[in-house]
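Below is upload-v7.cif, holding mmCIF, C-alpha atoms.
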data_start
#
loop_
_atom_site.label_atom_id
_atom_site.label_comp_id
_atom_site.auth_asym_id
_atom_site.auth_seq_id
_atom_site.Cartn_x
_atom_site.Cartn_y
_atom_site.Cartn_z
CA MET G 270 17.66 -8.98 9.95
CA VAL G 271 15.13 -11.81 10.28
CA PHE G 272 15.59 -14.19 13.20
CA HIS G 273 14.01 -17.63 13.49
CA ASN G 274 14.59 -20.76 15.52
CA ASN G 275 14.84 -24.33 14.29
CA ILE G 276 11.21 -25.20 15.13
CA PHE G 277 10.01 -22.21 13.11
CA LYS G 278 12.06 -23.28 10.11
CA LEU G 279 10.65 -26.81 10.28
CA LYS G 280 7.02 -25.71 10.48
CA LYS G 281 5.13 -25.47 7.19
CA TYR G 282 2.69 -22.85 8.44
CA LEU G 283 1.66 -20.72 11.42
CA THR G 284 -1.83 -19.92 12.65
CA LEU G 285 -2.95 -16.29 12.56
CA SER G 286 -2.51 -15.92 16.32
CA GLU G 287 1.01 -17.38 16.11
CA VAL G 288 1.87 -14.93 13.33
CA ALA G 289 0.54 -12.00 15.37
CA LYS G 290 2.65 -13.08 18.38
CA ARG G 291 5.78 -13.54 16.27
CA LEU G 292 5.44 -10.13 14.59
CA THR G 293 4.80 -8.52 17.98
CA ASN G 294 8.10 -9.92 19.31
CA LEU G 295 9.95 -9.16 16.10
CA PHE G 296 8.96 -5.51 15.75
CA ASN G 297 8.57 -4.67 19.45
CA GLU G 298 5.02 -3.40 18.95
CA THR G 299 1.63 -5.03 19.44
CA VAL G 300 0.35 -6.86 16.36
CA THR G 301 -3.12 -8.44 16.46
CA VAL G 302 -4.88 -11.00 14.27
CA ILE G 303 -6.88 -8.09 12.84
CA ASP G 304 -3.61 -6.39 11.87
CA VAL G 305 -2.46 -9.59 10.16
CA LEU G 306 -5.70 -9.90 8.17
CA GLU G 307 -5.62 -6.24 7.16
CA LEU G 308 -2.05 -6.70 5.92
CA VAL G 309 -3.44 -9.54 3.82
CA LEU G 310 -6.19 -7.34 2.33
CA ASP G 311 -3.57 -4.67 1.58
CA GLN G 312 -1.63 -7.39 -0.30
CA LYS G 313 1.40 -6.97 1.95
CA LEU G 314 1.18 -10.52 3.31
CA ILE G 315 -0.01 -13.68 1.54
CA LEU G 316 -2.72 -15.66 3.31
CA SER G 317 -3.13 -19.40 2.78
CA VAL G 318 -5.92 -21.89 3.34
CA LYS G 319 -5.41 -25.25 5.03
CA PHE G 320 -8.02 -27.85 4.16
CA PRO G 321 -8.90 -30.56 6.71
CA TYR G 322 -7.01 -33.84 6.33
CA GLY G 323 -8.95 -36.52 4.48
CA VAL G 324 -11.41 -34.12 2.83
CA LYS G 325 -11.56 -34.35 -0.96
CA VAL G 326 -11.63 -30.88 -2.49
CA ILE G 327 -12.54 -30.44 -6.16
CA ALA G 328 -10.95 -27.69 -8.26
CA CYS G 329 -10.28 -26.76 -11.86
CA LYS G 330 -7.91 -24.33 -13.55
CA TYR G 331 -9.27 -20.85 -14.15
CA GLY G 332 -8.03 -18.26 -16.60
CA LYS G 333 -8.38 -16.63 -20.00
CA HIS G 334 -10.56 -18.51 -22.45
CA GLU G 335 -10.63 -17.52 -26.12
CA GLU G 336 -13.32 -18.47 -28.61
CA LEU G 337 -15.08 -17.06 -31.65
CA LYS G 338 -17.78 -14.61 -30.62
CA SER G 339 -20.11 -16.18 -33.16
CA GLU G 340 -19.74 -19.56 -31.40
CA ALA G 341 -20.55 -17.98 -28.05
CA ASP G 342 -23.59 -16.29 -29.61
CA LYS G 343 -24.73 -19.63 -31.07
CA ARG G 344 -24.58 -21.13 -27.61
CA MET G 345 -26.51 -18.18 -26.21
CA PHE G 346 -29.21 -18.68 -28.87
CA SER G 347 -29.59 -22.40 -28.13
CA MET G 348 -29.89 -21.78 -24.39
CA PHE G 349 -32.18 -18.75 -24.25
CA TYR G 350 -33.70 -17.85 -27.63
CA ALA G 351 -34.33 -21.09 -29.54
CA PRO G 352 -37.90 -22.51 -29.74
CA LYS G 353 -38.96 -24.77 -26.86
CA LYS G 354 -38.99 -27.84 -29.07
CA VAL G 355 -35.19 -27.76 -29.05
CA TRP G 356 -35.46 -29.36 -25.60
CA GLU G 357 -37.92 -31.98 -26.80
CA ASP G 358 -36.28 -33.09 -30.04
CA GLU G 359 -32.49 -33.53 -30.24
CA GLU G 360 -32.68 -33.70 -34.04
CA TYR G 361 -34.22 -30.24 -34.21
CA TYR G 362 -30.72 -28.73 -34.02
CA LYS G 363 -30.04 -30.17 -37.47
CA SER G 364 -33.23 -28.86 -39.08
CA ASP G 365 -33.29 -26.05 -41.67
CA GLU G 366 -35.75 -24.18 -39.46
CA TYR G 367 -33.35 -24.12 -36.53
CA LYS G 368 -30.39 -23.10 -38.72
CA ALA G 369 -32.42 -20.26 -40.25
CA LEU G 370 -33.44 -18.94 -36.83
CA GLU G 371 -29.86 -19.23 -35.60
CA MET G 372 -28.55 -17.29 -38.60
CA GLU G 373 -31.13 -14.57 -38.02
CA PHE G 374 -29.96 -14.29 -34.41
CA LEU G 375 -26.29 -14.07 -35.49
CA LYS G 376 -27.09 -11.26 -37.93
CA LYS G 377 -28.78 -9.41 -35.09
CA CYS G 378 -25.67 -9.87 -32.91
CA HIS G 379 -23.49 -8.57 -35.75
CA HIS G 380 -25.73 -5.53 -36.16
CA GLU G 381 -25.52 -4.78 -32.41
CA MET G 382 -21.72 -5.01 -32.61
CA LEU G 383 -21.67 -2.43 -35.42
CA GLU G 384 -23.93 -0.13 -33.41
CA VAL G 385 -21.46 -0.28 -30.51
CA ILE G 386 -18.64 0.73 -32.88
CA LYS G 387 -20.70 3.69 -34.14
CA ARG G 388 -21.31 4.92 -30.60
CA GLN G 389 -17.71 4.49 -29.49
CA TYR G 390 -16.26 6.31 -32.51
CA ALA G 391 -18.98 8.92 -32.99
CA ASP G 392 -16.34 11.68 -32.79
CA ASN G 393 -13.99 10.05 -35.30
CA ASP G 394 -15.75 9.49 -38.61
CA GLU G 395 -12.67 8.25 -40.45
CA GLN G 396 -11.77 5.55 -37.92
CA CYS G 397 -15.43 4.59 -37.52
CA LYS G 398 -15.80 4.08 -41.26
CA GLU G 399 -12.59 2.02 -41.34
CA LEU G 400 -13.81 -0.30 -38.58
CA LEU G 401 -17.28 -0.69 -40.09
CA ASN G 402 -15.70 -1.74 -43.38
CA LYS G 403 -13.49 -4.25 -41.56
CA TYR G 404 -16.16 -5.82 -39.33
CA THR G 405 -18.21 -7.45 -42.05
CA PHE G 406 -20.58 -10.31 -41.28
CA GLU G 407 -17.97 -12.79 -42.59
CA PHE G 408 -15.34 -11.24 -40.34
CA TYR G 409 -17.70 -11.51 -37.37
CA LEU G 410 -18.36 -15.20 -38.10
CA ASN G 411 -14.75 -16.26 -38.56
CA ASP G 412 -12.40 -13.79 -36.88
CA VAL G 413 -13.90 -11.83 -33.99
CA LYS G 414 -12.66 -13.40 -30.75
CA LEU G 415 -14.28 -13.28 -27.34
CA ILE G 416 -11.86 -13.51 -24.40
CA THR G 417 -13.36 -14.31 -21.01
CA ASP G 418 -12.20 -15.48 -17.58
CA ARG G 419 -13.61 -18.95 -16.93
CA SER G 420 -12.79 -22.49 -15.87
CA ILE G 421 -10.39 -24.35 -18.13
CA GLY G 422 -10.29 -28.12 -18.59
CA GLN G 423 -11.74 -30.85 -16.40
CA PRO G 424 -12.15 -30.64 -12.60
CA PHE G 425 -9.78 -32.69 -10.42
CA TYR G 426 -9.13 -33.49 -6.76
CA LEU G 427 -6.50 -31.36 -5.02
CA ASP G 428 -3.42 -33.33 -3.96
CA GLU G 429 -2.21 -30.86 -1.28
CA ASN G 430 -3.97 -29.39 1.72
CA ILE G 431 -2.37 -25.91 1.86
CA TYR G 432 -2.82 -23.32 -0.90
CA ASP G 433 -2.37 -19.56 -1.16
CA PHE G 434 -5.35 -17.20 -1.32
CA PRO G 435 -5.46 -14.94 -4.42
CA LEU G 436 -8.29 -12.81 -2.92
CA VAL G 437 -10.37 -12.52 -6.10
CA GLY G 438 -13.62 -14.26 -5.08
CA THR G 439 -15.44 -15.59 -2.04
CA GLU G 440 -12.13 -15.97 -0.19
CA LYS G 441 -11.73 -12.17 -0.08
CA ILE G 442 -15.24 -11.78 1.34
CA TRP G 443 -14.38 -14.44 3.92
CA VAL G 444 -11.37 -12.43 5.12
CA GLU G 445 -13.35 -9.18 5.19
CA ASN G 446 -16.13 -10.82 7.20
CA MET G 447 -13.63 -12.24 9.68
CA ILE G 448 -12.20 -8.75 10.26
CA SER G 449 -15.70 -7.35 10.78
CA SER G 450 -16.50 -10.13 13.24
CA LEU G 451 -13.27 -9.59 15.22
CA LYS G 452 -14.09 -5.88 15.42
CA ASN G 453 -17.60 -6.74 16.66
CA HIS G 454 -19.12 -5.10 13.59
CA ASP G 455 -22.21 -6.39 11.82
CA VAL G 456 -21.24 -8.98 9.20
CA ILE G 457 -23.04 -8.23 5.94
CA GLU G 458 -24.04 -11.34 4.03
CA ARG G 459 -22.35 -11.28 0.62
CA TRP G 460 -21.21 -13.76 -1.98
CA SER G 461 -19.30 -13.95 -5.25
CA ILE G 462 -21.00 -15.47 -8.27
CA ASP G 463 -17.61 -16.82 -9.41
CA GLY G 464 -17.12 -18.73 -6.15
CA ALA G 465 -13.90 -19.26 -4.22
CA PHE G 466 -10.35 -19.43 -5.58
CA ILE G 467 -6.91 -20.63 -4.53
CA ALA G 468 -3.47 -20.49 -6.16
CA ASP G 469 -1.18 -23.49 -6.62
CA ASN G 470 2.61 -23.56 -6.29
CA HIS G 471 2.99 -22.69 -9.98
CA GLY G 472 0.87 -19.56 -9.73
CA ASN G 473 -2.13 -21.10 -11.47
CA LEU G 474 -5.52 -19.78 -10.38
CA LEU G 475 -7.81 -22.63 -9.31
CA SER G 476 -11.57 -22.43 -8.91
CA ILE G 477 -13.01 -24.48 -6.03
CA ARG G 478 -15.92 -26.59 -7.28
CA GLU G 479 -18.80 -28.56 -5.82
CA GLN G 480 -20.71 -31.47 -7.34
CA ILE G 481 -24.47 -31.59 -7.55
CA ASP G 482 -26.08 -34.49 -5.68
CA PHE G 483 -25.81 -37.77 -7.55
CA GLU G 484 -29.57 -38.32 -7.26
CA THR G 485 -30.12 -35.01 -9.01
CA ALA G 486 -27.63 -35.94 -11.73
CA VAL G 487 -29.40 -39.22 -12.58
CA ALA G 488 -32.95 -37.96 -12.06
CA GLY G 489 -35.32 -39.25 -14.74
CA ASN G 490 -33.04 -42.15 -15.72
CA LYS G 491 -33.81 -45.70 -14.71
CA LYS G 492 -31.13 -47.40 -12.62
CA GLY G 493 -29.20 -49.86 -14.76
CA SER G 494 -30.14 -48.19 -18.05
CA PRO G 495 -27.36 -47.15 -20.48
CA GLU G 496 -28.13 -43.48 -19.76
CA TYR G 497 -27.89 -44.06 -15.99
CA GLU G 498 -24.59 -45.94 -16.35
CA ASP G 499 -23.16 -43.21 -18.58
CA ILE G 500 -24.09 -40.46 -16.12
CA GLN G 501 -22.70 -42.49 -13.21
CA LYS G 502 -19.36 -42.93 -14.99
CA ARG G 503 -19.11 -39.25 -15.90
CA TYR G 504 -20.08 -38.24 -12.37
CA ARG G 505 -17.31 -40.39 -10.87
CA ASN G 506 -14.82 -38.88 -13.33
CA LEU G 507 -15.78 -35.34 -12.18
CA ASP G 508 -17.36 -34.31 -15.48
CA SER G 509 -17.61 -30.51 -15.47
CA VAL G 510 -21.31 -30.76 -16.32
CA PHE G 511 -21.96 -31.87 -12.73
CA CYS G 512 -19.66 -29.31 -11.07
CA TYR G 513 -20.29 -25.67 -10.23
CA PRO G 514 -18.39 -22.86 -8.43
CA ALA G 515 -18.32 -23.42 -4.66
CA ASP G 516 -19.60 -20.52 -2.59
CA ASN G 517 -17.67 -21.62 0.50
CA PHE G 518 -14.90 -23.90 1.75
CA PRO G 519 -15.19 -27.28 3.49
CA GLU G 520 -16.06 -27.22 7.17
CA ASP G 521 -13.05 -26.88 9.54
CA THR G 522 -10.93 -25.18 6.87
CA GLU G 523 -8.25 -22.99 8.52
CA LEU G 524 -6.65 -19.70 7.54
CA VAL G 525 -2.87 -19.81 7.97
CA ILE G 526 0.34 -18.10 6.88
CA THR G 527 3.01 -20.37 5.40
CA THR G 528 6.51 -20.07 6.82
CA LYS G 529 7.82 -19.27 3.35
CA ASN G 530 5.43 -16.36 2.84
CA LEU G 531 5.98 -15.02 6.36
CA LEU G 532 9.77 -14.97 5.93
CA LYS G 533 9.40 -13.07 2.64
CA PHE G 534 7.16 -10.52 4.35
CA GLU G 535 9.55 -10.07 7.28
CA GLN G 536 12.54 -9.59 5.00
CA ILE G 537 10.68 -6.98 2.93
CA ILE G 538 9.70 -5.07 6.08
CA PHE G 539 13.26 -5.10 7.38
CA ASP G 540 14.60 -3.96 4.01
CA GLU G 541 12.01 -1.15 3.77
CA THR G 542 12.62 0.11 7.30
CA SER G 543 16.40 0.01 7.02
CA ASN G 544 17.97 3.47 6.74
CA ASN G 545 21.27 5.07 7.53
CA GLU G 546 20.63 4.60 11.25
CA ASP G 547 19.98 0.86 10.97
CA ILE G 548 22.04 -2.26 10.46
CA ASN G 549 21.14 -3.87 7.13
CA TYR G 550 21.11 -7.59 6.44
CA ASN G 551 24.64 -7.81 5.00
CA GLN G 552 26.10 -5.77 7.85
CA ALA G 553 24.33 -8.01 10.36
CA GLN G 554 25.94 -11.05 8.74
CA LEU G 555 29.36 -9.39 8.96
CA LEU G 556 28.79 -8.60 12.64
CA VAL G 557 27.92 -12.20 13.43
CA ALA G 558 30.96 -13.42 11.48
CA SER G 559 33.17 -10.97 13.35
CA ILE G 560 31.83 -12.13 16.73
CA LEU G 561 32.51 -15.76 15.81
CA LYS G 562 36.06 -14.88 14.76
CA ILE G 563 36.74 -13.02 18.03
CA LEU G 564 35.44 -15.92 20.11
CA LYS G 565 37.41 -18.45 18.09
CA ASP G 566 40.72 -16.56 18.15
CA SER G 567 40.67 -15.52 21.84
CA ASN G 568 41.26 -17.39 25.08
CA PRO G 569 38.14 -18.68 26.85
CA LYS G 570 36.52 -15.84 28.78
CA LYS G 571 33.15 -14.25 29.44
CA TRP G 572 32.87 -11.40 26.97
CA THR G 573 30.72 -8.38 27.71
CA GLN G 574 28.63 -6.68 25.06
CA GLY G 575 30.71 -3.53 25.40
CA GLU G 576 34.01 -5.37 24.89
CA LEU G 577 32.69 -7.03 21.73
CA SER G 578 31.38 -3.78 20.27
CA ASP G 579 34.70 -2.03 21.05
CA LEU G 580 36.73 -4.67 19.19
CA ILE G 581 34.33 -4.86 16.25
CA SER G 582 34.07 -1.08 15.77
CA GLU G 583 37.88 -0.91 15.43
CA GLN G 584 37.90 -3.31 12.48
CA GLU G 585 38.35 -1.77 9.03
CA GLN G 586 35.08 -3.08 7.53
CA PHE G 587 33.08 -1.46 10.36
CA LYS G 588 34.79 1.96 10.38
CA GLY G 589 31.75 3.66 8.82
CA LEU G 590 29.30 1.89 11.11
CA GLY G 591 30.33 3.20 14.48
CA LYS G 592 30.12 1.77 17.99
CA ARG G 593 26.68 3.32 18.66
CA LYS G 594 25.01 1.45 15.79
CA ILE G 595 26.68 -1.80 16.81
CA ASP G 596 25.47 -1.38 20.39
CA GLY G 597 21.98 -0.64 19.07
CA PHE G 598 22.06 -3.82 17.00
CA PHE G 599 23.09 -5.89 20.03
CA SER G 600 20.31 -4.29 22.06
CA SER G 601 17.69 -5.22 19.43
CA CYS G 602 19.01 -8.78 19.36
CA ASN G 603 18.75 -9.05 23.15
CA LYS G 604 15.08 -7.99 23.03
CA LEU G 605 14.29 -10.87 20.67
CA LEU G 606 15.53 -13.36 23.26
CA LYS G 607 13.38 -12.02 26.09
#
Re-express the file's structure as structure tokens.
Amino acid sequence: MVFHNNIFKLKKYLTLSEVAKRLTNLFNETVTVIDVLELVLDQKLILSVKFPYGVKVIACKYGKHEELKSEADKRMFSMFYAPKKVWEDEEYYKSDEYKALEMEFLKKCHHEMLEVIKRQYADNDEQCKELLNKYTFEFYLNDVKLITDRSIGQPFYLDENIYDFPLVGTEKIWVENMISSLKNHDVIERWSIDGAFIADNHGNLLSIREQIDFETAVAGNKKGSPEYEDIQKRYRNLDSVFCYPADNFPEDTELVITTKNLLKFEQIIFDETSNNEDINYNQAQLLVASILKILKDSNPKKWTQGELSDLISEQEQFKGLGKRKIDGFFSSCNKLLK
């Protein structure tokens, strides 16, 4: 059974050291901050991040993005394979020359896709032939989908300061490095190209973003010009063009465990460790109810633990429990108050 006082219930979160102390008292064995963090890495306990008050943190939703593979290949061509003049002349995109080069690139991508199919189904001629007949160039252009994990929609400012850690990016490395540091091990410098992530109350994965410097964003544009004003407006509105995955969190960010997540963890542990020799949650509730009834129905007196366990063990609903288990339960409760 999970015990908590009124202050604990009112608190929104606990620090890692507070969690370690609470679990130590609760389970009657030493629990350290390292233990807490390793429980987090083992996905037994959910870690949260608490951002400093007053700091604006930018994020955007992150998840599955679906698009035609041919459209993704077109974008790849324009960025890495198109002639240099594409950067010098915006109208070049519309030219017959550009369209011809783009089509040639798409046909090459289609050919590479067919080669992959041939390699994957080299031992199954019939299925290979069926797929090759299906994946025509027209099918590639209009039907083949590419599904990737990426940012979705426009960036926005977070409206809360505590979020759960999903442990899929830089935040996992952060936890691992903290454990290494606490163990006095060498901390290996690592990073995640996808940046850091958090999870909101609805379970959405959010990517933490940073903005490039404004001076960099408007470089090459005269102040007051239409181009400058347009960039300034888009920059203020957090246009995704000016945002990129953050490789770290704001300074003074704290790692915490929310009260809600800690209570869930404690209840799971108590349920898992309960066996025929233990008092389960429902039985504990019945015991407390029985004690209240005895105190309410009897004359004022100072009851001993033994007297209470004797009376309770005689009641019909506790016949299968036995006096020894009840005494053991009382003993565990007494330890929590020390």
Practice problem: Quick one: residues within 12 Å of (-12.7, -10.4, -24.5) (file frame), counting all atoms listed in the file, please, as number ranges by chain. | Solution: G: 333-338, 341, 413-419
Practice problem: Determine the residue set returned by the PyMOL selection byres ((chain G and resi 342-356) around 10) for the present structure, and present it as a list in words. | Solution: Leu337, Lys338, Ser339, Glu340, Ala341, Glu357, Asp358, Glu359, Glu360, Tyr361, Tyr362, Tyr367, Leu370, Glu371, Met372, Phe374, Leu375, Cys378 and His379 of chain G
Quiz item: Nearest to G:Phe483: which of G:Ala289, G:Leu507, G:Leu310, G:Leu531 is it, counting only C-alpha atoms?
Solution: G:Leu507
Exercise. Find the residues near stretch 455-460 of chain G: any atom within 8 Å, counting all atoms listed in the file, skip ones fewer than 2 places away on the same chain, and give them as a PyMOL selection string.
Key: chain G and resi 439+442+446+449-450+453+462+464+516
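Shortest separation to G:Val437 among G:Lys278, G:Val305, G:Lys377, G:Gln312 occurs at residue G:Gln312, atoms counted being all atoms listed in the file.
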Exercise. List every protein, DNA or RNA residue with an atom no more than 9 Å from (-3.4, -28.8, 3.0) in the file's coordinates, counting only C-alpha atoms, and format the result as a list in words.
Key: Val318, Lys319, Phe320, Pro321, Tyr322, Leu427, Asp428, Glu429, Asn430, Ile431 and Tyr432 of chain G
Exercise. Using all atoms listed in the file, determine which residues lie at most 7 Å from G:Gln423, disregarding the query and same-chain residues fewer than 3 positions distant; provide the list as a count of residues only.
Key: 3
Quiz prompt | Selection result for the PyMOL selection byres ((chain G and resi 595) around 12) on this file, as a VMD selection string | solution = chain G and resid 546 to 549 552 to 553 555 to 557 559 to 560 574 to 583 587 to 594 596 to 602
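In this comparison, which uses all atoms listed in the file, the residue of G:Pro424, G:Val444, G:Asp499, G:Gln554 approaching G:Tyr513 most closely is G:Pro424.
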Quiz item: Leaving out G:Ser286 and any residue of its chain fewer than 5 positions from it, which residues lie within 9 Å of it when counting all atoms listed in the file, given as a PyMOL selection string?
Solution: chain G and resi 291+301-302+305
Quiz item: To one decimal place, how far is atom CA of G:Ile315 from atom CA of G:Lys441 in Å?
Solution: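 Taking atom CA of G:Ile315 as the start and atom CA of G:Lys441 as the end point, the length is 11.9 Å.
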Quiz item: So which one's closest to G:Thr527, G:Glu395, G:Tyr497, G:Ile563, G:Phe434? Using all atoms listed in the file, please.
Solution: G:Phe434
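For the choices G:Tyr504, G:Gln536, G:Tyr426, G:Asn530, the atom-to-atom distance to G:Ile327 is smallest for G:Tyr426 when using only C-alpha atoms.
When atom CA of G:Ile386 is paired with atom CA of G:Asn411, their separation reads 18.3 Å.
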Self-check item: Expected selection from the PyMOL selection byres ((chain G and resi 475-481) around 6), given as a PyMOL selection string
Solution: chain G and resi 327-331+465-468+474+482+511-515
Quiz item: Could you state the separation of atom CA of G:Tyr282 and atom CA of G:Asp521 in Å, given to one decimal place?
Solution: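 If I compute the distance from atom CA of G:Tyr282 to atom CA of G:Asp521, I get 16.3 Å.
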Practice problem: Would you list the contacts of G:Lys281 as a list in words, taking every protein, DNA or RNA residue within 9 Å and counting only C-alpha atoms, but skipping same-chain residues closer than 4 positions in sequence? | Solution: Phe277, Ile526, Thr527, Thr528 and Lys529 of chain G
Self-check item: Of the listed residues G:Leu564, G:Leu532, G:Val326, G:Ile276, that which approaches G:Leu314 most closely, counting only C-alpha atoms
Solution: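 Of all the options, G:Leu532 lies closest to G:Leu314.
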Show me that you can extract stretch 314-340 of chain G, keeping N, CA and C atoms, and write it as an mmCIF file, in the first residue's frame.
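Contents of the output file decode_11.cif:
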data_model
loop_
_atom_site.group_PDB
_atom_site.id
_atom_site.type_symbol
_atom_site.label_atom_id
_atom_site.label_comp_id
_atom_site.auth_asym_id
_atom_site.auth_seq_id
_atom_site.Cartn_x
_atom_site.Cartn_y
_atom_site.Cartn_z
ATOM 1 N N LEU G 314 10.415 4.010 -14.418
ATOM 2 C CA LEU G 314 9.984 5.264 -13.804
ATOM 3 C C LEU G 314 10.113 6.380 -14.833
ATOM 4 N N ILE G 315 9.111 7.242 -14.907
ATOM 5 C CA ILE G 315 9.104 8.323 -15.899
ATOM 6 C C ILE G 315 9.770 9.569 -15.329
ATOM 7 N N LEU G 316 10.771 10.046 -16.034
ATOM 8 C CA LEU G 316 11.487 11.261 -15.655
ATOM 9 C C LEU G 316 10.847 12.459 -16.349
ATOM 10 N N SER G 317 10.888 13.606 -15.694
ATOM 11 C CA SER G 317 10.343 14.829 -16.281
ATOM 12 C C SER G 317 11.392 15.931 -16.253
ATOM 13 N N VAL G 318 11.172 16.932 -17.078
ATOM 14 C CA VAL G 318 12.068 18.083 -17.133
ATOM 15 C C VAL G 318 11.293 19.311 -16.668
ATOM 16 N N LYS G 319 11.934 20.131 -15.862
ATOM 17 C CA LYS G 319 11.316 21.366 -15.379
ATOM 18 C C LYS G 319 12.138 22.538 -15.911
ATOM 19 N N PHE G 320 11.514 23.300 -16.813
ATOM 20 C CA PHE G 320 12.197 24.449 -17.391
ATOM 21 C C PHE G 320 12.157 25.629 -16.426
ATOM 22 N N PRO G 321 13.171 26.485 -16.457
ATOM 23 C CA PRO G 321 13.199 27.656 -15.567
ATOM 24 C C PRO G 321 12.006 28.570 -15.839
ATOM 25 N N TYR G 322 11.489 29.194 -14.793
ATOM 26 C CA TYR G 322 10.383 30.134 -14.950
ATOM 27 C C TYR G 322 10.841 31.323 -15.800
ATOM 28 N N GLY G 323 9.953 31.762 -16.686
ATOM 29 C CA GLY G 323 10.239 32.946 -17.487
ATOM 30 C C GLY G 323 11.032 32.698 -18.747
ATOM 31 N N VAL G 324 11.515 31.468 -18.940
ATOM 32 C CA VAL G 324 12.297 31.152 -20.141
ATOM 33 C C VAL G 324 11.357 30.642 -21.230
ATOM 34 N N LYS G 325 11.430 31.250 -22.408
ATOM 35 C CA LYS G 325 10.595 30.828 -23.526
ATOM 36 C C LYS G 325 11.269 29.660 -24.242
ATOM 37 N N VAL G 326 10.566 28.535 -24.283
ATOM 38 C CA VAL G 326 11.098 27.336 -24.931
ATOM 39 C C VAL G 326 10.278 27.050 -26.184
ATOM 40 N N ILE G 327 10.962 26.874 -27.305
ATOM 41 C CA ILE G 327 10.299 26.621 -28.583
ATOM 42 C C ILE G 327 10.233 25.120 -28.833
ATOM 43 N N ALA G 328 9.097 24.661 -29.347
ATOM 44 C CA ALA G 328 8.937 23.242 -29.669
ATOM 45 C C ALA G 328 8.032 23.097 -30.878
ATOM 46 N N CYS G 329 8.006 21.916 -31.440
ATOM 47 C CA CYS G 329 7.033 21.605 -32.490
ATOM 48 C C CYS G 329 6.694 20.124 -32.386
ATOM 49 N N LYS G 330 5.523 19.753 -32.881
ATOM 50 C CA LYS G 330 5.113 18.356 -32.835
ATOM 51 C C LYS G 330 6.035 17.527 -33.727
ATOM 52 N N TYR G 331 6.201 16.278 -33.331
ATOM 53 C CA TYR G 331 7.108 15.382 -34.057
ATOM 54 C C TYR G 331 6.418 14.036 -34.214
ATOM 55 N N GLY G 332 6.464 13.486 -35.410
ATOM 56 C CA GLY G 332 5.819 12.198 -35.616
ATOM 57 C C GLY G 332 5.942 11.715 -37.040
ATOM 58 N N LYS G 333 5.045 10.831 -37.432
ATOM 59 C CA LYS G 333 5.077 10.237 -38.763
ATOM 60 C C LYS G 333 4.637 11.254 -39.816
ATOM 61 N N HIS G 334 5.445 11.377 -40.842
ATOM 62 C CA HIS G 334 5.120 12.269 -41.956
ATOM 63 C C HIS G 334 5.082 11.443 -43.236
ATOM 64 N N GLU G 335 3.992 11.579 -43.976
ATOM 65 C CA GLU G 335 3.811 10.791 -45.197
ATOM 66 C C GLU G 335 3.784 11.702 -46.418
ATOM 67 N N GLU G 336 4.559 11.347 -47.427
ATOM 68 C CA GLU G 336 4.561 12.096 -48.680
ATOM 69 C C GLU G 336 4.951 11.166 -49.817
ATOM 70 N N LEU G 337 4.671 11.592 -51.043
ATOM 71 C CA LEU G 337 5.081 10.808 -52.200
ATOM 72 C C LEU G 337 6.603 10.751 -52.260
ATOM 73 N N LYS G 338 7.126 9.577 -52.536
ATOM 74 C CA LYS G 338 8.585 9.451 -52.630
ATOM 75 C C LYS G 338 9.122 10.311 -53.770
ATOM 76 N N SER G 339 8.363 10.420 -54.834
ATOM 77 C CA SER G 339 8.813 11.230 -55.974
ATOM 78 C C SER G 339 8.964 12.698 -55.584
ATOM 79 N N GLU G 340 8.086 13.190 -54.686
ATOM 80 C CA GLU G 340 8.194 14.580 -54.231
ATOM 81 C C GLU G 340 9.439 14.761 -53.363
#
